[in-house]
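Enquirer: This is coords_9.txt, which holds compact mmCIF, C-alpha atoms:
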# COMPACT_ATOMS: atom_id res chain seq x y z
CA MET S 14 122.42 73.88 -164.71
CA PHE S 15 124.77 76.71 -165.57
CA PRO S 16 125.13 79.55 -163.08
CA ALA S 17 125.06 83.10 -164.40
CA PRO S 18 128.65 84.10 -165.21
CA ALA S 19 130.05 87.07 -163.32
CA SER S 20 129.44 90.43 -164.95
CA ARG S 21 132.21 91.85 -167.13
CA LEU S 22 131.65 95.24 -165.49
CA THR S 23 133.68 96.56 -162.58
CA ARG S 24 131.66 97.46 -159.52
CA LEU S 25 132.07 101.22 -159.41
CA GLY S 26 129.73 102.38 -156.68
CA SER S 27 126.39 101.99 -155.00
CA VAL S 28 123.09 102.60 -156.75
CA SER S 29 119.53 102.92 -155.59
CA LEU S 30 117.17 100.50 -157.28
CA ARG S 31 113.41 100.75 -157.33
CA GLY S 32 110.89 102.65 -159.32
CA LEU S 33 107.84 102.75 -161.46
CA ARG S 34 106.88 99.89 -163.75
CA CYS S 35 109.06 99.74 -166.85
CA LEU S 36 107.57 100.45 -170.25
CA SER S 37 107.02 97.67 -172.74
CA LEU S 38 109.84 96.71 -175.03
CA PHE S 39 109.99 98.72 -178.24
CA SER S 40 107.54 101.44 -177.26
CA SER S 41 108.57 103.65 -180.17
CA SER S 42 106.79 103.03 -183.45
CA ASP S 43 109.83 102.23 -185.62
CA SER S 44 111.37 99.70 -183.24
CA SER S 45 107.93 98.24 -182.48
CA THR S 46 107.38 97.62 -186.20
CA THR S 47 110.80 95.97 -186.49
CA TRP S 48 110.13 93.70 -183.51
CA SER S 49 106.64 92.73 -184.72
CA LYS S 50 108.00 91.75 -188.14
CA VAL S 51 110.82 89.68 -186.63
CA VAL S 52 108.37 87.85 -184.36
CA SER S 53 105.82 87.32 -187.16
CA ASP S 54 108.48 85.81 -189.44
CA ALA S 55 109.73 83.58 -186.63
CA GLU S 56 106.22 82.27 -185.86
CA LYS S 57 105.90 81.08 -189.46
CA ILE S 58 109.02 78.97 -188.98
CA VAL S 59 107.80 77.17 -185.86
CA GLY S 60 104.45 76.36 -187.43
CA TYR S 61 101.82 78.44 -185.60
CA PRO S 62 101.30 81.80 -183.86
CA THR S 63 102.67 81.58 -180.34
CA SER S 64 100.17 84.23 -179.28
CA PHE S 65 97.71 81.32 -178.93
CA MET S 66 100.18 79.05 -177.15
CA SER S 67 98.46 79.00 -173.76
CA LEU S 68 94.93 79.30 -175.15
CA ARG S 69 93.97 75.79 -174.02
CA CYS S 70 94.61 76.72 -170.42
CA LEU S 71 93.11 80.20 -170.69
CA LEU S 72 89.87 78.79 -172.11
CA SER S 73 89.51 76.05 -169.49
CA ASP S 74 86.32 75.96 -167.40
CA GLU S 75 88.17 76.90 -164.21
CA LEU S 76 89.80 80.05 -165.61
CA SER S 77 86.64 80.98 -167.51
CA ASN S 78 84.88 81.18 -164.14
CA VAL S 79 87.64 83.43 -162.84
CA ALA S 80 87.31 85.62 -165.96
CA MET S 81 83.60 86.10 -165.25
CA HIS S 82 84.46 87.47 -161.81
CA VAL S 83 87.22 89.69 -163.19
CA ARG S 84 84.57 91.54 -165.19
CA LYS S 85 83.48 93.09 -161.90
CA LEU S 86 86.72 95.09 -161.95
CA VAL S 87 85.71 97.04 -165.08
CA GLY S 88 85.77 100.73 -164.20
CA THR S 89 88.50 100.39 -161.58
CA GLN S 90 92.24 100.95 -161.96
CA HIS S 91 93.20 97.42 -160.89
CA PRO S 92 96.20 96.25 -162.99
CA LEU S 93 94.72 92.75 -163.38
CA LEU S 94 92.44 94.21 -166.06
CA ASN S 95 95.39 95.35 -168.19
CA THR S 96 97.06 91.97 -167.79
CA ALA S 97 93.85 90.23 -168.91
CA ARG S 98 93.56 92.52 -171.93
CA GLY S 99 97.13 91.63 -172.85
CA PHE S 100 96.14 87.95 -173.21
CA VAL S 101 93.65 88.91 -175.90
CA TYR S 102 95.50 91.73 -177.65
CA ASP S 103 99.24 92.18 -177.37
CA SER S 104 100.18 94.60 -180.16
CA LYS S 105 103.89 94.56 -179.30
CA ASN S 106 104.27 90.75 -179.41
CA ASN S 107 105.92 90.66 -176.00
CA LEU S 108 103.76 88.24 -174.01
CA GLN S 109 104.61 85.02 -175.84
CA MET S 110 108.23 85.80 -176.76
CA ARG S 111 109.73 83.21 -174.38
CA GLY S 112 107.82 80.28 -175.82
CA LEU S 113 108.74 81.36 -179.34
CA ILE S 114 112.46 81.40 -178.45
CA VAL S 115 112.22 77.89 -176.96
CA LEU S 116 110.55 76.58 -180.14
CA LEU S 117 113.05 78.28 -182.45
CA LEU S 118 116.02 76.91 -180.50
CA SER S 119 114.49 73.45 -180.53
CA LYS S 120 114.13 73.59 -184.29
CA ALA S 121 117.58 75.13 -184.82
CA ALA S 122 119.26 72.37 -182.79
CA GLY S 123 117.29 69.58 -184.48
CA PRO S 124 117.47 65.93 -183.33
CA SER S 125 120.39 64.73 -181.24
CA HIS S 126 122.79 62.42 -183.09
CA SER S 127 124.06 60.90 -179.85
CA SER S 128 120.73 59.47 -178.69
CA SER S 129 118.55 56.77 -180.22
CA ASP S 130 115.63 57.46 -177.86
CA PHE S 131 114.02 59.88 -180.32
CA LEU S 132 113.50 59.55 -184.05
CA PRO S 133 113.28 62.42 -186.57
CA GLN S 134 109.82 61.21 -187.58
CA ASP S 135 108.62 61.95 -184.03
CA MET S 136 109.09 65.65 -184.76
CA ILE S 137 106.36 68.03 -185.94
CA SER S 138 107.75 70.90 -188.03
CA GLY S 139 111.20 69.94 -186.72
CA ILE S 140 110.20 70.16 -183.04
CA TYR S 141 109.49 67.34 -180.60
CA PRO S 142 106.05 67.40 -178.88
CA SER S 143 107.75 67.56 -175.49
CA GLN S 144 109.58 70.71 -176.56
CA ARG S 145 106.30 72.32 -177.62
CA ASN S 146 104.85 71.40 -174.24
CA LEU S 147 107.88 72.99 -172.57
CA ALA S 148 107.29 76.21 -174.53
CA GLU S 149 103.70 76.31 -173.26
CA ILE S 150 104.86 75.64 -169.70
CA THR S 151 107.37 78.49 -169.93
CA GLU S 152 104.64 80.88 -171.05
CA LEU S 153 102.26 79.74 -168.31
CA ILE S 154 104.90 80.38 -165.65
CA HIS S 155 105.69 83.82 -167.06
CA THR S 156 101.99 84.70 -167.28
CA ALA S 157 101.36 83.50 -163.72
CA PHE S 158 104.04 85.85 -162.41
CA LEU S 159 102.68 88.71 -164.52
CA VAL S 160 99.28 88.20 -162.89
CA HIS S 161 100.75 87.96 -159.41
CA ARG S 162 102.72 91.17 -159.98
CA GLY S 163 99.41 92.94 -160.56
CA ILE S 164 98.45 92.68 -156.90
CA VAL S 165 97.77 96.18 -155.57
CA ASN S 166 99.30 97.57 -152.37
CA LEU S 167 96.11 98.62 -150.60
CA LYS S 168 98.08 100.91 -148.28
CA GLU S 169 98.56 103.17 -151.31
CA TRP S 170 94.92 102.94 -152.41
CA THR S 171 93.11 106.18 -153.30
CA ASP S 172 89.48 106.91 -154.21
CA SER S 173 90.47 107.38 -157.87
CA ASP S 174 91.52 103.72 -158.07
CA GLY S 175 87.97 102.53 -157.49
CA PRO S 176 85.99 101.19 -154.51
CA LEU S 177 88.20 99.55 -151.88
CA LYS S 178 86.11 96.37 -151.88
CA ASP S 179 86.65 96.01 -155.64
CA MET S 180 90.41 96.45 -155.26
CA GLU S 181 90.44 93.81 -152.52
CA PHE S 182 88.43 91.51 -154.79
CA GLY S 183 90.87 92.15 -157.65
CA ASN S 184 93.77 91.11 -155.45
CA LYS S 185 92.00 87.86 -154.57
CA MET S 186 91.40 87.17 -158.27
CA ALA S 187 95.04 87.94 -159.11
CA VAL S 188 96.24 85.46 -156.50
CA LEU S 189 93.72 82.81 -157.56
CA SER S 190 94.28 83.05 -161.32
CA GLY S 191 98.07 83.29 -160.96
CA ASP S 192 98.13 80.22 -158.72
CA PHE S 193 95.91 78.37 -161.19
CA LEU S 194 98.28 79.07 -164.10
CA LEU S 195 101.30 78.10 -162.02
CA ALA S 196 99.64 74.86 -160.90
CA ASN S 197 98.88 73.95 -164.53
CA ALA S 198 102.49 74.66 -165.47
CA CYS S 199 103.77 72.41 -162.69
CA THR S 200 101.43 69.61 -163.74
CA GLY S 201 102.66 69.87 -167.32
CA LEU S 202 106.24 69.93 -166.11
CA ALA S 203 105.79 66.65 -164.25
CA GLU S 204 104.25 65.08 -167.38
CA LEU S 205 107.48 65.75 -169.32
CA ASN S 206 108.97 62.93 -167.21
CA ASP S 207 112.50 64.34 -167.17
CA THR S 208 114.06 64.92 -163.75
CA LYS S 209 116.71 67.35 -165.00
CA VAL S 210 114.10 69.47 -166.80
CA VAL S 211 111.97 69.57 -163.64
CA GLU S 212 115.04 70.67 -161.68
CA LEU S 213 115.90 73.40 -164.20
CA ILE S 214 112.43 74.93 -164.40
CA SER S 215 111.84 74.62 -160.66
CA SER S 216 115.06 76.54 -160.01
CA ALA S 217 113.96 79.16 -162.55
CA ILE S 218 110.72 79.67 -160.59
CA GLY S 219 112.83 80.13 -157.45
CA ASP S 220 115.02 82.64 -159.29
CA LEU S 221 111.91 84.58 -160.36
CA VAL S 222 110.66 84.81 -156.80
CA GLN S 223 114.07 85.95 -155.56
CA GLY S 224 114.43 88.51 -158.33
CA ILE S 225 110.98 89.98 -157.75
CA TYR S 226 111.72 90.16 -154.03
CA TYR S 227 114.84 92.21 -154.78
CA GLU S 228 112.81 94.55 -157.00
CA SER S 229 110.19 95.03 -154.30
CA SER S 230 112.59 95.55 -151.42
CA CYS S 231 113.39 99.20 -152.14
CA SER S 232 111.40 102.41 -152.19
CA ALA S 233 111.23 104.36 -155.47
CA GLU S 234 110.56 107.70 -153.83
CA GLU S 235 113.07 107.37 -150.99
CA SER S 236 115.71 105.63 -153.11
CA LEU S 237 116.84 103.38 -150.28
CA CYS S 238 118.59 100.55 -152.12
CA GLU S 239 122.18 101.48 -151.48
CA GLY S 240 125.06 99.22 -152.46
CA VAL S 241 123.63 98.02 -155.80
CA ASP S 242 125.86 98.74 -158.78
CA VAL S 243 125.58 97.78 -162.45
CA ALA S 244 127.05 94.33 -161.82
CA SER S 245 124.44 93.73 -159.12
CA TRP S 246 121.77 95.14 -161.43
CA GLU S 247 122.71 92.52 -164.03
CA ASP S 248 122.60 89.73 -161.46
CA GLN S 249 119.19 90.80 -160.13
CA THR S 250 117.79 91.39 -163.62
CA PHE S 251 118.91 87.93 -164.67
CA LEU S 252 116.94 86.42 -161.77
CA SER S 253 113.73 88.32 -162.48
CA HIS S 254 113.87 88.55 -166.30
CA GLY S 255 116.42 86.08 -167.65
CA ALA S 256 116.53 82.87 -165.62
CA LEU S 257 113.23 81.47 -166.92
CA LEU S 258 114.15 81.87 -170.58
CA ALA S 259 117.78 80.77 -170.16
CA LYS S 260 116.88 77.60 -168.26
CA SER S 261 113.93 76.85 -170.57
CA CYS S 262 116.30 77.03 -173.55
CA GLN S 263 118.66 74.62 -171.80
CA ALA S 264 115.74 72.35 -170.88
CA ALA S 265 114.65 72.21 -174.54
CA MET S 266 118.08 70.83 -175.43
CA GLN S 267 117.87 68.33 -172.56
CA LEU S 268 114.51 67.03 -173.80
CA ALA S 269 116.13 66.22 -177.16
CA LYS S 270 119.15 64.66 -175.36
CA HIS S 271 121.66 67.13 -176.77
CA GLU S 272 125.19 67.23 -175.38
CA ARG S 273 126.21 69.52 -172.54
CA ASP S 274 127.88 72.05 -174.85
CA ALA S 275 124.67 72.55 -176.87
CA GLN S 276 122.77 72.98 -173.61
CA ARG S 277 125.23 75.61 -172.43
CA GLN S 278 125.05 77.60 -175.67
CA ALA S 279 121.25 77.53 -175.55
CA TYR S 280 121.38 78.74 -171.94
CA LEU S 281 123.76 81.57 -172.86
CA TYR S 282 121.57 82.65 -175.77
CA GLY S 283 118.53 82.89 -173.51
CA LYS S 284 120.48 84.69 -170.79
CA HIS S 285 122.02 87.38 -172.99
CA LEU S 286 118.87 87.88 -175.06
CA SER S 287 116.85 88.47 -171.89
CA LEU S 288 119.31 91.02 -170.54
CA GLY S 289 119.42 92.82 -173.90
CA HIS S 290 115.61 92.77 -173.98
CA LYS S 291 115.41 94.39 -170.53
CA LEU S 292 118.05 97.00 -171.37
CA ASN S 293 116.12 97.99 -174.50
CA SER S 294 112.97 98.38 -172.41
CA ASP S 295 114.79 100.49 -169.81
CA LEU S 296 116.26 102.74 -172.50
CA GLN S 297 112.99 103.61 -174.22
CA PRO S 298 112.08 106.70 -172.11
CA PHE S 299 115.60 108.08 -172.56
CA VAL S 300 116.06 107.56 -176.30
CA ARG S 301 112.60 108.61 -177.48
CA SER S 302 111.72 111.49 -175.14
CA ARG S 303 112.00 115.07 -176.36
CA LEU S 304 113.32 118.02 -174.39
CA GLY S 305 110.75 119.11 -171.79
CA GLU S 306 108.37 116.24 -172.63
CA MET S 307 106.53 114.72 -169.66
CA THR S 308 107.62 111.14 -169.10
CA SER S 309 108.22 108.70 -166.26
CA PHE S 310 110.71 105.92 -165.78
CA SER S 311 111.96 103.55 -163.14
CA LEU S 312 114.74 104.58 -160.79
CA SER S 313 116.01 101.02 -161.24
CA ALA S 314 116.34 101.49 -165.03
CA ALA S 315 119.80 100.71 -166.38
CA PRO S 316 120.59 104.28 -167.56
CA VAL S 317 119.79 105.57 -164.05
CA VAL S 318 122.02 102.92 -162.47
CA PHE S 319 124.89 103.87 -164.78
CA HIS S 320 124.31 107.57 -164.14
CA HIS S 321 124.41 107.03 -160.38
CA GLN S 322 127.75 105.28 -160.69
CA ILE S 323 129.18 108.04 -162.86
CA VAL S 324 128.16 111.02 -160.68
CA GLY S 325 128.55 109.31 -157.30
CA ASN S 326 126.27 109.05 -154.27
CA GLU S 327 126.48 112.67 -153.09
CA ARG S 328 125.71 114.23 -156.49
CA TRP S 329 122.96 111.68 -157.20
CA HIS S 330 121.09 112.45 -153.98
CA GLN S 331 121.50 116.16 -154.66
CA GLN S 332 119.90 115.68 -158.09
CA LEU S 333 117.05 113.73 -156.50
CA GLU S 334 116.39 116.58 -154.07
CA GLU S 335 116.53 119.16 -156.86
CA ALA S 336 113.96 117.13 -158.80
CA ARG S 337 111.44 117.02 -155.93
CA THR S 338 108.36 119.22 -156.15
CA LEU S 339 106.69 121.10 -153.30
CA ARG S 340 104.48 118.02 -152.80
CA ASN S 341 107.62 115.93 -152.30
CA GLN S 342 107.07 114.10 -155.57
CA LEU S 343 109.74 113.56 -158.20
CA ASP S 344 109.73 115.76 -161.29
CA TYR S 345 110.79 113.12 -163.82
CA THR S 346 111.38 115.71 -166.52
CA LYS S 347 114.18 117.29 -164.45
CA LEU S 348 115.57 113.90 -163.47
CA LEU S 349 115.49 112.72 -167.09
CA ALA S 350 117.49 115.76 -168.17
CA ALA S 351 120.04 115.10 -165.43
CA VAL S 352 120.50 111.46 -166.47
CA LYS S 353 120.80 112.38 -170.15
CA SER S 354 123.42 115.02 -169.36
CA GLU S 355 125.99 112.33 -168.50
CA LYS S 356 127.01 109.05 -170.15
CA GLY S 357 124.49 106.79 -168.40
CA VAL S 358 122.35 106.39 -171.51
CA SER S 359 125.25 105.66 -173.87
CA SER S 360 126.71 103.19 -171.35
CA ALA S 361 123.39 101.33 -171.20
CA VAL S 362 123.23 101.27 -175.01
CA ASP S 363 126.73 99.79 -175.13
CA LEU S 364 125.75 97.13 -172.59
CA CYS S 365 122.64 96.28 -174.62
CA ARG S 366 124.77 95.79 -177.72
CA TYR S 367 127.22 93.68 -175.73
CA HIS S 368 124.49 91.25 -174.66
CA SER S 369 123.07 91.17 -178.19
CA ASN S 370 126.50 90.23 -179.55
CA ARG S 371 126.95 87.55 -176.90
CA ALA S 372 123.59 86.04 -177.85
CA LEU S 373 124.63 86.07 -181.51
CA GLU S 374 127.89 84.32 -180.62
CA ALA S 375 126.04 81.60 -178.67
CA ILE S 376 123.62 80.80 -181.50
CA GLN S 377 126.50 80.18 -183.95
CA ALA S 378 126.99 76.80 -182.23
CA PHE S 379 123.91 75.50 -184.07
CA PRO S 380 123.68 74.57 -187.76
CA SER S 381 122.72 77.24 -190.27
CA SER S 382 118.95 77.19 -190.84
CA GLU S 383 115.84 79.34 -191.05
CA ALA S 384 115.31 78.93 -187.32
CA ARG S 385 118.86 80.06 -186.51
CA SER S 386 118.46 83.07 -188.79
CA ALA S 387 115.26 84.00 -186.97
CA LEU S 388 117.08 83.76 -183.62
CA GLU S 389 119.85 85.98 -185.01
CA ASN S 390 117.26 88.53 -186.17
CA ILE S 391 115.65 88.56 -182.73
CA ALA S 392 119.02 89.09 -181.03
CA SER S 393 119.80 91.95 -183.43
CA ALA S 394 116.37 93.52 -182.95
CA VAL S 395 116.98 94.26 -179.25
CA THR S 396 119.55 96.88 -180.30
CA LYS S 397 116.99 98.86 -182.34
CA PHE S 398 115.90 101.95 -180.42
What does this structure look like when you write it as structure tokens?
Expert:
Amino acid sequence: MFPAPASRLTRLGSVSLRGLRCLSLFSSSDSSTTWSKVVSDAEKIVGYPTSFMSLRCLLSDELSNVAMHVRKLVGTQHPLLNTARGFVYDSKNNLQMRGLIVLLLSKAAGPSHSSSDFLPQDMISGIYPSQRNLAEITELIHTAFLVHRGIVNLKEWTDSDGPLKDMEFGNKMAVLSGDFLLANACTGLAELNDTKVVELISSAIGDLVQGIYYESSCSAEESLCEGVDVASWEDQTFLSHGALLAKSCQAAMQLAKHERDAQRQAYLYGKHLSLGHKLNSDLQPFVRSRLGEMTSFSLSAAPVVFHHQIVGNERWHQQLEEARTLRNQLDYTKLLAAVKSEKGVSSAVDLCRYHSNRALEAIQAFPSSEARSALENIASAVTKF
């Protein structure tokens, strides 16, 4: 496997990381339309809509039983409901993006010329069956972690969230259904019968756990995560948002027995695309909000991290105190104005474009084709705000 290269950024200072859940990628209407078109065109190239990629698993008898129980949560504020709705209707085409990238890279790379184990006639729409299975496995793992992330901290439960017993039940269902999806993914992974692929995806699962632990280890309100700068933000974001896609892209090349260089370029494409994807998501509240408009954002968002580095610890904590209300809650409108007053937003935009360009450079290693063009369009789309 290829370790994440060190960040090109100099570590300038400490930053507090933690906050509210980030908004979906391309929340604004124009960029959402651009992204949806890019994804729709790409799905035509790989042969079928990837929004139905994990449908076989989701419609299995075991998960259908879980879904029946989840209906009991209707009327509560348990996040498992929103996750379940996303399986059925995902208007922003975000849920199945990872599987689509794996399929497009598989098709762009084509058959390996150095191996006689596979024949071109074994391919369906230019993709080996094992690579399609890998794309499904990648989506199942991502979905399992989405479900697990929906577990509610009952210490913060209020009456408005719904009855406590229902919230406890929702947590049990989130654990059960997430574990079920992850178990199915691991079974499918073993059936690929490739030790290196198993090693890659297993390490990606470990990276996900580590990255989510980092995200959960700080307090949004108290801003306790000192000593985390932009370089550390990139490292942690790669673990929680990039490792699965990067290593799945590399694994797709391994399944077709491509050379090490092709595997590395696929890995780099997945890595830089994921980081650009996350930066675009973090930037949405800052590039689309109007003066005085009520909005919320994560204190671990990239523009906030950059802003903290620019103004320094003392000024940052002063701004946090100035943004607190009489109820000791953050006034995000004031904090948003403070962040936008410096160069944190423009620095995050520059970093997003940097990762987009690096992804575009990596994909040039593959032959010119419809699939490669689609991957180029996706990499370019993450810079649309």
Enquirer: When you count only C-alpha atoms, which of these residues is closest to Ala372 of chain S: S:Leu296, S:Ala198, S:Leu312, S:Leu286?
Expert: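 So, comparing all the options, the nearest one is S:Leu286.
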Enquirer: Have a look at S:Arg162, S:Gln249, S:Thr151, S:Asp274 and name the one nearest to Ile218 of chain S; count only C-alpha atoms.
Expert: S:Thr151
Enquirer: Fewer than 4 positions away in the same chain doesn't count, so skip those; otherwise give me all residues within 10 Å of Ser143 of chain S, counting only C-alpha atoms, as a list in words.
Expert: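 Answer for this query is Met136, Leu147, Ala148, Glu149, Gly201, Leu202, Glu204, Leu205, Asn206, Ala265, Leu268 and Ala269 of chain S.
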Enquirer: Using all atoms listed in the file, which residue out of S:Arg366, S:Arg273, S:Lys347, S:Lys291 lies closest to Ser253 of chain S?
Expert: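 Ranked by minimum distance to Ser253 of chain S, first place goes to S:Lys291.
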Enquirer: Report the distance between atom CA of Ile164 of chain S and atom CA of Ala187 of chain S in Å, rounded to one decimal place.
Expert: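 For atom CA of Ile164 of chain S relative to atom CA of Ala187 of chain S, the distance reads 6.2 Å.
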Enquirer: So what do you get for atom CA of Asp295 of chain S versus atom CA of Ala315 of chain S, distance-wise?
Expert: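 If I compute the distance from atom CA of Asp295 of chain S to atom CA of Ala315 of chain S, I get 6.1 Å.
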Enquirer: To one decimal place, how far is atom CA of Val318 of chain S from atom CA of Asp220 of chain S in Å?
Expert: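 Atom CA of Asp220 of chain S lies 21.7 Å from atom CA of Val318 of chain S.
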Enquirer: Which one is closest to Gly255 of chain S: S:Glu327, S:Ser125, S:Arg111, S:Leu167? Count only C-alpha atoms.
Expert: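 Of the candidates, the smallest distance to Gly255 of chain S is held by S:Arg111.
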Enquirer: Considering all atoms listed in the file, state which residue in the set S:Arg328, S:Ala196, S:Asn293, S:Ser261 is at the smallest distance from Arg277 of chain S.
Expert: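 Looking only at the distances to Arg277 of chain S, the closest residue turns out to be S:Ser261.
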Enquirer: Residues within 7 Å of Gln278 of chain S, please, as a PyMOL selection string. Count all atoms listed in the file; anything in the same chain fewer than 3 positions from it doesn't count.
Expert: chain S and resi 274-275+281-282+375-376+378
Enquirer: Given all atoms listed in the file as the basis, pick out the residue of S:Ile58, S:Val160, S:Cys199, S:Leu364 nearest to Ala121 of chain S.
Expert: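 Under the stated criterion, the closest residue is S:Ile58.
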